[in-house]
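Listing of work-v3.txt, compact mmCIF, C-alpha atoms
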```
# COMPACT_ATOMS: atom_id res chain seq x y z
CA MET A 1 0.00 0.00 0.00
CA PRO A 2 1.55 3.20 -1.01
CA MET A 3 2.95 5.26 1.70
CA PRO A 4 1.71 8.74 1.92
CA PRO A 5 4.37 11.36 0.99
CA ALA A 6 6.42 12.53 3.87
CA ALA A 7 5.85 15.99 5.04
CA PRO A 8 8.79 18.35 4.43
CA ALA A 9 11.04 18.90 7.42
CA ALA A 10 10.67 22.19 9.05
CA ALA A 11 13.62 24.53 8.51
CA VAL A 12 15.63 25.11 11.65
CA THR A 13 16.68 28.74 12.03
CA ALA A 14 18.72 30.34 14.72
CA PRO A 15 16.88 32.57 16.96
CA THR A 16 17.16 36.17 16.03
CA GLY A 17 19.86 38.09 18.04
CA ALA A 18 22.04 34.99 18.84
CA ARG A 19 26.08 35.51 18.61
CA THR A 20 28.17 33.49 16.16
CA VAL A 21 30.95 31.51 17.93
CA SER A 22 34.34 30.95 16.03
CA SER A 23 37.48 28.83 16.81
CA ALA A 24 39.58 30.08 19.73
CA TRP A 25 43.03 30.09 17.90
CA ASN A 26 41.97 32.29 15.04
CA TRP A 27 42.54 35.62 16.91
CA TRP A 28 45.64 35.22 19.19
CA LEU A 29 47.97 32.82 17.37
CA LEU A 30 49.15 35.34 14.71
CA PRO A 31 50.18 38.14 17.09
CA VAL A 32 51.97 35.67 19.34
CA GLY A 33 53.87 34.23 16.37
CA VAL A 34 54.88 37.67 15.18
CA LEU A 35 56.05 38.60 18.66
CA VAL A 36 58.13 35.42 19.00
CA ALA A 37 59.69 36.02 15.55
CA LEU A 38 60.61 39.57 16.50
CA ILE A 39 62.21 38.37 19.72
CA PHE A 40 64.33 35.79 17.89
CA LEU A 41 65.22 38.33 15.20
CA GLY A 42 66.36 40.87 17.80
CA LEU A 43 68.32 38.20 19.64
CA GLY A 44 70.04 37.25 16.38
CA PHE A 45 70.93 40.86 15.63
CA TRP A 46 72.33 41.34 19.16
CA LEU A 47 74.46 38.19 19.02
CA GLY A 48 75.74 39.11 15.55
CA TRP A 49 76.66 42.64 16.65
CA GLN A 50 78.52 41.35 19.69
CA LEU A 51 80.49 38.90 17.53
CA ILE A 52 81.41 41.62 14.97
CA SER A 53 82.41 44.07 17.75
CA ASP A 54 84.68 41.50 19.37
CA ARG A 55 86.38 40.73 16.06
CA ILE A 56 86.90 44.43 15.22
CA ALA A 57 88.32 45.10 18.67
CA ALA A 58 90.81 42.25 18.24
CA GLN A 59 92.09 43.60 14.91
CA ARG A 60 94.92 46.21 14.38
CA LEU A 61 93.23 49.00 12.46
CA VAL A 62 96.53 50.83 11.73
CA ALA A 63 99.10 49.10 9.58
CA PRO A 64 102.67 49.49 10.90
CA VAL A 65 104.74 51.72 8.59
CA ALA A 66 107.99 51.74 10.63
CA ASP A 67 110.01 49.67 13.01
CA ALA A 68 108.35 50.61 16.31
CA SER A 69 111.15 49.22 18.47
CA ARG A 70 113.76 51.16 16.53
CA ILE A 71 111.76 54.38 16.82
CA ASP A 72 111.36 53.84 20.56
CA GLU A 73 115.12 53.32 20.85
CA GLN A 74 115.85 56.53 18.96
CA VAL A 75 113.35 58.48 21.06
CA ALA A 76 114.95 57.14 24.25
CA ARG A 77 118.44 58.04 22.99
CA GLN A 78 117.30 61.56 22.06
CA ARG A 79 115.65 61.94 25.46
CA GLN A 80 118.93 61.00 27.15
CA THR A 81 120.79 63.53 24.99
CA ASN A 82 118.29 66.24 25.87
CA GLU A 83 118.59 65.45 29.56
CA ALA A 84 122.39 65.58 29.36
CA LEU A 85 122.23 68.96 27.60
CA GLN A 86 119.80 70.22 30.20
CA ARG A 87 122.21 69.18 32.96
CA GLU A 88 125.08 70.97 31.21
CA ILE A 89 122.97 74.12 30.86
CA GLU A 90 122.06 74.00 34.53
CA GLN A 91 125.69 73.48 35.53
CA ALA A 92 126.76 76.42 33.35
CA ARG A 93 124.03 78.58 34.87
CA GLN A 94 125.17 77.70 38.38
CA ALA A 95 128.80 78.35 37.45
CA MET A 96 127.92 81.79 36.14
CA GLN A 97 126.29 82.69 39.44
CA GLY A 98 129.50 82.10 41.40
CA ASP A 99 133.17 82.82 40.96
CA VAL A 100 134.71 81.45 37.77
CA CYS A 101 137.59 79.09 38.42
CA ARG A 102 140.79 80.23 36.69
CA PRO A 103 143.76 77.96 37.50
CA GLU A 104 147.00 79.73 38.26
CA GLY A 105 149.27 80.04 35.26
CA PHE A 106 146.44 79.55 32.79
CA GLY A 107 147.28 81.69 29.78
CA GLN A 108 144.48 82.29 27.32
CA SER A 109 140.85 81.22 27.24
CA PRO A 110 139.98 79.06 24.21
CA LEU A 111 137.27 81.61 23.49
CA THR A 112 139.75 84.45 22.87
CA PRO A 113 139.13 85.50 19.25
CA PRO A 114 141.96 84.52 16.85
CA GLN A 115 141.86 87.98 15.26
CA ILE A 116 143.40 89.50 18.42
CA THR A 117 145.70 86.61 19.36
CA PRO A 118 149.32 87.59 18.62
CA ILE A 119 151.60 84.89 17.25
CA GLN A 120 154.73 84.22 19.28
CA PRO A 121 158.02 83.61 17.41
CA SER A 122 158.34 80.22 19.15
CA ALA A 123 155.18 79.08 17.32
CA LEU A 124 156.69 79.74 13.88
CA PRO A 125 159.30 77.85 11.86
CA PRO A 126 162.61 79.62 11.16
CA THR A 127 162.12 82.63 8.92
CA PRO A 128 163.11 81.79 5.32
CA GLN A 129 166.19 83.57 4.08
CA GLY A 130 165.38 86.88 2.50
CA GLN A 131 161.96 87.15 4.19
CA GLN A 132 160.91 89.21 7.14
CA ALA A 133 159.76 87.44 10.29
CA PHE A 134 155.99 87.22 10.52
CA GLN A 135 154.36 89.63 12.92
CA GLY A 136 150.64 89.60 13.39
CA THR A 137 147.67 87.74 14.78
CA LEU A 138 146.58 84.15 14.39
CA ILE A 139 143.93 84.95 11.81
CA GLU A 140 146.42 87.06 9.80
CA LEU A 141 148.85 84.14 9.79
CA LEU A 142 146.16 81.76 8.50
CA ASP A 143 144.96 84.26 5.89
CA GLN A 144 148.36 84.48 4.20
CA ALA A 145 149.46 80.83 4.60
CA THR A 146 146.22 79.05 3.62
CA VAL A 147 145.34 78.81 -0.08
CA LEU A 148 142.39 77.80 -2.19
CA VAL A 149 143.32 74.92 -4.54
CA LEU A 150 141.22 74.74 -7.70
CA GLY A 151 141.22 73.76 -11.34
CA PRO A 152 139.12 72.27 -14.11
CA LEU A 153 138.44 68.55 -13.79
CA ALA A 154 140.43 66.36 -16.17
CA ASN A 155 137.19 64.90 -17.57
CA GLY A 156 135.91 68.39 -18.45
CA GLN A 157 132.84 68.07 -16.26
CA GLY A 158 133.36 71.08 -13.99
CA VAL A 159 135.75 72.60 -11.46
CA GLY A 160 137.29 70.92 -8.42
CA THR A 161 138.27 72.79 -5.26
CA GLY A 162 140.08 72.12 -2.00
CA THR A 163 142.42 73.78 0.49
CA GLY A 164 146.18 73.82 1.05
CA PHE A 165 148.73 75.57 3.23
CA VAL A 166 152.38 76.61 3.01
CA VAL A 167 154.79 74.25 4.81
CA ALA A 168 158.09 75.54 3.42
CA PRO A 169 159.20 78.34 1.09
CA GLY A 170 157.49 77.77 -2.25
CA LEU A 171 155.80 74.51 -1.15
CA VAL A 172 152.12 73.86 -0.38
CA ILE A 173 150.60 70.73 1.15
CA THR A 174 147.08 69.51 0.36
CA ASN A 175 145.23 66.20 0.02
CA ALA A 176 146.02 63.90 -2.88
CA HIS A 177 142.30 63.38 -3.47
CA VAL A 178 141.96 67.14 -4.08
CA VAL A 179 144.41 67.28 -7.01
CA ALA A 180 143.91 63.76 -8.38
CA PRO A 181 140.84 64.63 -10.53
CA LEU A 182 142.19 68.03 -11.69
CA ASP A 183 143.88 68.80 -15.00
CA PRO A 184 147.56 68.78 -13.90
CA ALA A 185 148.45 71.52 -16.38
CA ARG A 186 145.77 73.83 -14.98
CA THR A 187 145.94 73.39 -11.21
CA TYR A 188 145.98 76.71 -9.36
CA VAL A 189 146.27 78.17 -5.86
CA VAL A 190 145.07 81.58 -4.73
CA ASN A 191 144.47 83.66 -1.61
CA ARG A 192 144.19 87.36 -0.89
CA ARG A 193 147.91 87.70 -0.20
CA LEU A 194 148.76 86.24 -3.62
CA GLY A 195 146.23 88.54 -5.28
CA ARG A 196 145.45 86.22 -8.20
CA PRO A 197 145.62 82.50 -9.08
CA TYR A 198 149.04 80.97 -9.75
CA THR A 199 149.69 77.69 -11.56
CA VAL A 200 151.32 75.05 -9.36
CA GLN A 201 153.10 71.79 -10.11
CA VAL A 202 152.25 68.56 -8.28
CA VAL A 203 155.68 67.22 -7.29
CA ALA A 204 154.65 64.32 -5.02
CA GLN A 205 151.52 62.57 -3.78
CA THR A 206 150.48 59.46 -1.92
CA PRO A 207 149.02 56.66 -4.07
CA ASP A 208 145.37 55.58 -3.97
CA PRO A 209 144.01 58.29 -1.65
CA ALA A 210 140.98 57.09 0.33
CA PRO A 211 139.54 57.70 3.81
CA GLY A 212 141.66 55.74 6.27
CA ARG A 213 144.88 55.94 4.25
CA ALA A 214 147.63 58.55 4.06
CA ASP A 215 146.35 61.31 1.75
CA PHE A 216 148.88 64.05 0.90
CA ALA A 217 150.06 65.97 -2.16
CA LEU A 218 152.96 68.42 -2.41
CA LEU A 219 152.58 71.43 -4.72
CA ARG A 220 155.39 73.72 -5.91
CA LEU A 221 154.68 77.42 -6.33
CA PRO A 222 156.28 79.39 -9.18
CA GLY A 223 159.16 81.67 -8.30
CA ASN A 224 157.31 84.93 -8.96
CA VAL A 225 154.72 84.66 -6.18
CA PRO A 226 154.65 87.07 -3.20
CA PRO A 227 156.41 85.56 -0.17
CA LEU A 228 154.19 83.53 2.16
CA SER A 229 155.18 82.63 5.72
CA PRO A 230 155.00 78.84 6.33
CA LEU A 231 152.99 77.40 9.19
CA GLY A 232 154.82 75.55 11.94
CA LEU A 233 154.24 71.83 12.45
CA THR A 234 153.91 69.98 15.76
CA ARG A 235 153.00 66.52 16.97
CA VAL A 236 151.79 67.96 20.29
CA ALA A 237 148.02 67.37 20.31
CA SER A 238 145.71 65.60 22.72
CA ARG A 239 142.06 65.34 23.71
CA LEU A 240 140.22 68.56 24.56
CA ASP A 241 142.92 70.73 23.00
CA PRO A 242 141.24 73.71 21.30
CA VAL A 243 141.80 73.77 17.53
CA ILE A 244 140.87 75.89 14.50
CA ALA A 245 140.09 74.56 11.01
CA ALA A 246 140.90 76.91 8.13
CA GLY A 247 139.81 76.44 4.54
CA PHE A 248 137.37 77.12 1.74
CA PRO A 249 134.36 74.83 2.38
CA GLN A 250 131.81 74.75 -0.39
CA ALA A 251 129.01 74.98 2.17
CA ILE A 252 130.20 78.54 2.90
CA MET A 253 131.72 79.42 -0.48
CA GLN A 254 128.42 78.84 -2.28
CA THR A 255 127.12 82.13 -0.85
CA ASP A 256 130.37 84.08 -1.44
CA ALA A 257 129.99 86.38 -4.46
CA ASN A 258 133.77 86.55 -4.93
CA PHE A 259 134.01 82.76 -5.10
CA GLN A 260 131.31 82.61 -7.78
CA ALA A 261 132.98 85.43 -9.72
CA LEU A 262 136.34 83.61 -9.52
CA LEU A 263 134.78 80.46 -10.97
CA ASP A 264 133.28 82.63 -13.73
CA GLY A 265 136.77 83.84 -14.69
CA ASN A 266 137.37 87.00 -12.65
CA ILE A 267 140.90 86.27 -11.39
CA ARG A 268 140.86 89.26 -9.03
CA ALA A 269 137.76 88.07 -7.15
CA ILE A 270 139.15 86.14 -4.18
CA PRO A 271 136.94 84.65 -1.45
CA GLU A 272 137.62 85.13 2.24
CA LEU A 273 139.13 82.29 4.25
CA ALA A 274 136.59 80.50 6.48
CA VAL A 275 137.57 79.38 9.98
CA THR A 276 135.77 77.24 12.57
CA ASP A 277 136.87 76.23 16.03
CA GLY A 278 136.38 73.18 18.22
CA LEU A 279 138.13 70.60 20.37
CA ILE A 280 140.07 67.42 19.62
CA SER A 281 137.77 64.53 20.56
CA ALA A 282 140.27 61.65 20.35
CA VAL A 283 143.56 60.48 18.85
CA GLN A 284 142.92 57.19 17.04
CA ASN A 285 145.00 54.55 15.27
CA LEU A 286 143.18 53.18 12.22
CA PRO A 287 143.65 49.58 11.00
CA SER A 288 145.80 50.95 8.15
CA GLY A 289 148.22 52.44 10.69
CA LEU A 290 147.15 56.03 9.95
CA VAL A 291 146.70 58.21 13.04
CA VAL A 292 143.68 60.50 12.87
CA MET A 293 142.02 62.98 15.17
CA PRO A 294 138.22 63.35 15.21
CA HIS A 295 137.39 66.90 16.29
CA THR A 296 134.43 69.23 16.66
CA ALA A 297 135.54 72.06 14.36
CA ALA A 298 133.04 71.98 11.49
CA ILE A 299 134.41 71.08 8.05
CA SER A 300 132.76 70.14 4.76
CA ARG A 301 133.65 69.44 1.14
CA GLY A 302 136.31 71.98 0.15
CA ASN A 303 138.07 71.91 3.53
CA SER A 304 140.08 68.89 2.39
CA GLY A 305 143.81 69.54 2.64
CA GLY A 306 143.38 72.52 4.94
CA PRO A 307 145.26 72.99 8.22
CA LEU A 308 143.97 72.16 11.67
CA VAL A 309 145.94 74.42 13.99
CA ASP A 310 146.20 74.93 17.73
CA ARG A 311 145.73 78.31 19.39
CA CYS A 312 149.42 79.06 18.82
CA GLY A 313 149.02 78.71 15.03
CA ARG A 314 150.93 75.41 14.80
CA VAL A 315 149.54 72.75 12.46
CA VAL A 316 148.50 69.65 14.41
CA GLY A 317 146.69 67.89 11.55
CA VAL A 318 145.41 68.04 7.98
CA ASN A 319 141.62 68.00 7.53
CA THR A 320 140.82 65.16 5.16
CA PHE A 321 137.39 63.58 5.53
CA GLY A 322 134.22 63.60 7.58
CA PHE A 323 131.58 61.16 8.76
CA PHE A 324 127.89 62.01 8.60
CA ASN A 325 125.06 59.82 9.85
CA ALA A 326 121.80 61.30 8.56
CA GLU A 327 119.69 58.86 10.57
CA GLN A 328 121.24 59.84 13.90
CA GLY A 329 122.09 63.41 12.91
CA GLU A 330 125.76 62.87 13.78
CA ARG A 331 128.66 64.66 12.09
CA VAL A 332 132.35 64.08 12.87
CA SER A 333 135.34 65.86 11.29
CA TYR A 334 138.62 63.95 10.84
CA ALA A 335 142.15 65.28 10.45
CA GLN A 336 145.27 63.24 9.72
CA LYS A 337 147.62 63.78 12.64
CA GLU A 338 150.83 65.64 11.92
CA ASP A 339 152.96 62.51 12.38
CA SER A 340 151.92 61.20 8.95
CA LEU A 341 152.56 64.56 7.26
CA LEU A 342 156.05 64.82 8.75
CA ALA A 343 156.85 61.33 7.48
CA PHE A 344 155.57 62.25 3.99
CA LEU A 345 157.64 65.45 3.89
CA THR A 346 160.76 63.67 5.11
CA ALA A 347 160.33 61.00 2.43
CA ASN A 348 160.20 63.74 -0.20
CA ASN A 349 163.29 65.60 1.12
CA VAL A 350 161.36 68.62 2.37
CA PRO A 351 163.22 70.09 5.35
CA VAL A 352 160.79 71.21 8.03
CA ALA A 353 161.36 72.15 11.66
CA GLU A 354 159.20 70.27 14.12
CA LEU A 355 157.98 72.53 16.95
CA MET A 356 157.93 71.06 20.45
CA GLY A 357 156.30 71.96 23.72
CA ALA A 358 152.75 72.67 24.79
CA CYS A 359 150.81 75.52 23.21
CA GLN A 360 151.02 78.67 25.34
CA PRO A 361 149.46 81.45 23.29
CA ALA A 362 150.31 85.02 24.14
CA ALA A 363 147.64 87.04 25.89
CA PRO A 364 146.03 89.68 23.69
CA ALA A 365 147.31 93.21 24.10
CA PRO A 366 145.31 95.20 26.63
CA GLN A 367 142.78 97.52 25.10
CA PRO A 368 142.87 101.22 26.05
CA PRO A 369 140.13 102.15 28.50
CA THR A 370 137.11 103.82 27.01
CA ALA A 371 135.62 106.97 28.40
CA SER A 372 132.83 106.30 30.85
CA ALA A 373 129.43 107.60 29.90
CA THR A 374 128.27 107.56 33.54
CA PRO A 375 127.31 111.08 34.66
CA PRO A 376 128.89 112.44 37.85
CA ALA A 377 127.09 111.80 41.08
CA GLY A 378 124.59 114.46 42.02
CA PRO A 379 121.10 115.02 43.22
CA ALA A 380 118.59 112.84 41.50
CA ALA A 381 115.96 114.49 39.36
CA THR A 382 112.42 114.26 40.65
```

Give the structure from the file, written as structure tokens.
Amino acid sequence: MPMPPAAPAAAVTAPTGARTVSSAWNWWLLPVGVLVALIFLGLGFWLGWQLISDRIAAQRLVAPVADASRIDEQVARQRQTNEALQREIEQARQAMQGDVCRPEGFGQSPLTPPQITPIQPSALPPTPQGQQAFQGTLIELLDQATVLVLGPLANGQGVGTGTGFVVAPGLVITNAHVVAPLDPARTYVVNRRLGRPYTVQVVAQTPDPAPGRADFALLRLPGNVPPLSPLGLTRVASRLDPVIAAGFPQAIMQTDANFQALLDGNIRAIPELAVTDGLISAVQNLPSGLVVMPHTAAISRGNSGGPLVDRCGRVVGVNTFGFFNAEQGERVSYAQKEDSLLAFLTANNVPVAELMGACQPAAPAPQPPTASATPPAGPAAT
């Protein structure tokens, strides 16, 4: 029997005004996840920054450009030098405040200017026959006995210069290395006493001149030159003896207008002799057997062959070479001691008188008193 059709189910509807309920994780999971990600991201940045900072701190950001230990050593050495100089200055200042010690019998202060120091006859060699005995001051003696040696170089590449001095009538001594590169037919000497350059002949010289070996050359003057008084020679020289170097150093000649004019051909333009003073630092025997004296009188290129004299005007050595350390700023002048020169002259039959005894320079002549500008005593103006 057919079933009757079922009645349609009634539609179920939510009551009006009821709230819709969703899943609980839909609203808080996303913010929490973002927050956790930010925390881990910040922690990662912090750890990375700490690691980079530690590595940068451990690195040397400045590359070394010099030997630090060597610089420190030089700074320490310079500091010691400065401290020593400061002590010397302080000692000198204290000495100036009290009485100055002057030992009994002490003749002349090393600071007495050579232009007022009279030369004693005992400090001169015997007067050559036909000449008058020299009378004058130390600087006048050096002016007339010291000569500029010059001439064109044999290779035609310029002019060479040096210094020499008269050791006997008509004979001049200089360094072999001064005349070796010059044209032998055009080697000249000149000073203000001579008045113009004169051609000289090289009559003897030591072979292979080099620092540390005997370095001498003997020049003969022509017979028509004005008479020049020779310098005396002595072996008497020791440490702390005051000395004077005379010559024509290029460091000074380069600013002398007469020297430049002479090189340009003006034979009447004659430069002035340059002199420096100092003390003998030591007397040394070199491995070659040569005896040299380092001293503090400044010399430079052009002084070679010039005399190193004591305060009496006696030659104690021949200035020959110098040592310069640019890194340390050190400069030392060297003179060959007179012993080697005397041996060279004897070997070449040059008669010279060796002067003995310690240097005792004559005291300068007293100067006449000058009129006092002090007004007579009287009432003071008000």

Kindly provide the residues of region 121-162 of chain A that approach region 190-198 of chain A to within 9 Å, each paired with its closest atom pair and their distance in Å to one decimal, based on all atoms listed in the file, listed by chain and increasing number, as CSV.
```
residue,atom,partner,partner_atom,distance
A:Asp143,CA,A:Arg192,CA,7.5
A:Gln144,CA,A:Arg193,CA,5.5
A:Ala145,CA,A:Asn191,CA,8.5
A:Thr146,CA,A:Asn191,CA,7.2
A:Val147,CA,A:Asn191,CA,5.2
A:Leu148,CA,A:Val190,CA,5.3
A:Val149,CA,A:Val190,CA,6.9
A:Leu150,CA,A:Val190,CA,8.4
```

Counting all atoms listed in the file, give me one row per residue of region 213-285 of chain A with an atom at most 12 Å from an atom of region 132-138 of chain A, showing the shortest contact pair and its distance in Å to one decimal, sorted by chain then residue number, as a tab-separated table.
```
residue	atom	partner	partner_atom	distance
A:Pro227	CA	A:Gln132	CA	9.3
A:Leu228	CA	A:Phe134	CA	9.3
A:Ser229	CA	A:Phe134	CA	6.7
A:Pro230	CA	A:Phe134	CA	9.4
A:Leu231	CA	A:Phe134	CA	10.4
A:Gly232	CA	A:Phe134	CA	11.8
A:Val243	CA	A:Leu138	CA	11.9
A:Ile244	CA	A:Leu138	CA	10.0
A:Ala246	CA	A:Leu138	CA	11.1
A:Val275	CA	A:Leu138	CA	11.1
```

I'd like the contact shell of Leu233 (chain A) - 12 Å cut-off, all atoms listed in the file, skipping same-chain residues fewer than 6 positions apart - returned as JSON, numbers by chain. {"A": [122, 123, 124, 125, 126, 165, 166, 167, 168, 173, 307, 308, 309, 310, 312, 313, 314, 315, 316, 317, 318, 337, 338, 339, 340, 341, 342, 343, 345, 351, 352, 353, 354, 355, 356, 357, 359]}

Residue nearest Ala358 (chain A) among A:Gln336, A:Thr117, A:Thr234, A:Gln50 (counting only C-alpha atoms):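 Under the stated criterion, the closest residue is A:Thr234.
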
For the atom pair CA of Thr199 (chain A) and CA of Pro226 (chain A), what is the interatomic distance in Å to one decimal place? 13.5 Å

If we count only C-alpha atoms, what is near region 204-210 of chain A at a cut-off of 10 Å, once residues fewer than 3 positions away on the same chain are taken out, given as a ChimeraX atom specification? /A:173-180,201,213-220,320-321,344-345,347-348

Suppose you want the space between CA of Ala335 (chain A) and CA of Gly212 (chain A); what is it in Å?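 Calculated distance between CA of Ala335 (chain A) and CA of Gly212 (chain A) is 10.4 Å.
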
Within 6 Å of region 284-304 of chain A, which residues of region 157-262 of chain A come that close, and what is the closest atom pair and distance in Å for each? Count all atoms listed in the file and give it as a Markdown table.
```
| residue | atom | partner | partner_atom | distance |
| --- | --- | --- | --- | --- |
| A:Thr161 | CA | A:Gly302 | CA | 5.8 |
| A:Gly162 | CA | A:Gly302 | CA | 4.3 |
| A:Thr163 | CA | A:Asn303 | CA | 5.6 |
| A:Gly247 | CA | A:Asn303 | CA | 5.0 |
| A:Phe248 | CA | A:Gly302 | CA | 5.5 |
| A:Pro249 | CA | A:Gly302 | CA | 4.1 |
| A:Gln250 | CA | A:Gly302 | CA | 5.3 |
```

Would you mind exporting C-alpha atoms of the selected residues as a PDB file, in the coordinates of the input?
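Written file, again01.pdb:
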```
ATOM      1  CA  THR A 161     138.270  72.790  -5.260  1.00  0.00           C
ATOM      2  CA  GLY A 162     140.080  72.120  -2.000  1.00  0.00           C
ATOM      3  CA  THR A 163     142.420  73.780   0.490  1.00  0.00           C
ATOM      4  CA  GLY A 247     139.810  76.440   4.540  1.00  0.00           C
ATOM      5  CA  PHE A 248     137.370  77.120   1.740  1.00  0.00           C
ATOM      6  CA  PRO A 249     134.360  74.830   2.380  1.00  0.00           C
ATOM      7  CA  GLN A 250     131.810  74.750  -0.390  1.00  0.00           C
TER       8      GLN A 250
END
```

For Val236 (chain A), which of A:Ala185, A:Ala362, A:Val283, A:Ile267 is the closest residue, counting only C-alpha atoms?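 Of A:Ala185, A:Ala362, A:Val283, A:Ile267, the one nearest Val236 (chain A) is A:Val283, counting only C-alpha atoms.
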
Quick one, how far is CA of Pro361 (chain A) from CA of Thr127 (chain A)?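 Straight-line distance from CA of Pro361 (chain A) to CA of Thr127 (chain A) works out to 19.2 Å.
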
Which residue, A:Pro184, A:Leu43, A:Ile139, A:Gly130, has the smallest gap to Gln115 (chain A) when you use only C-alpha atoms?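 Closest to Gln115 (chain A) of all the choices is A:Ile139.
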
Taking all atoms listed in the file into account, which of A:Val32, A:Ala76, A:Leu221, A:Ala154 comes nearest Pro181 (chain A)?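 Going through A:Val32, A:Ala76, A:Leu221, A:Ala154 one by one, the smallest distance to Pro181 (chain A) is for A:Ala154.
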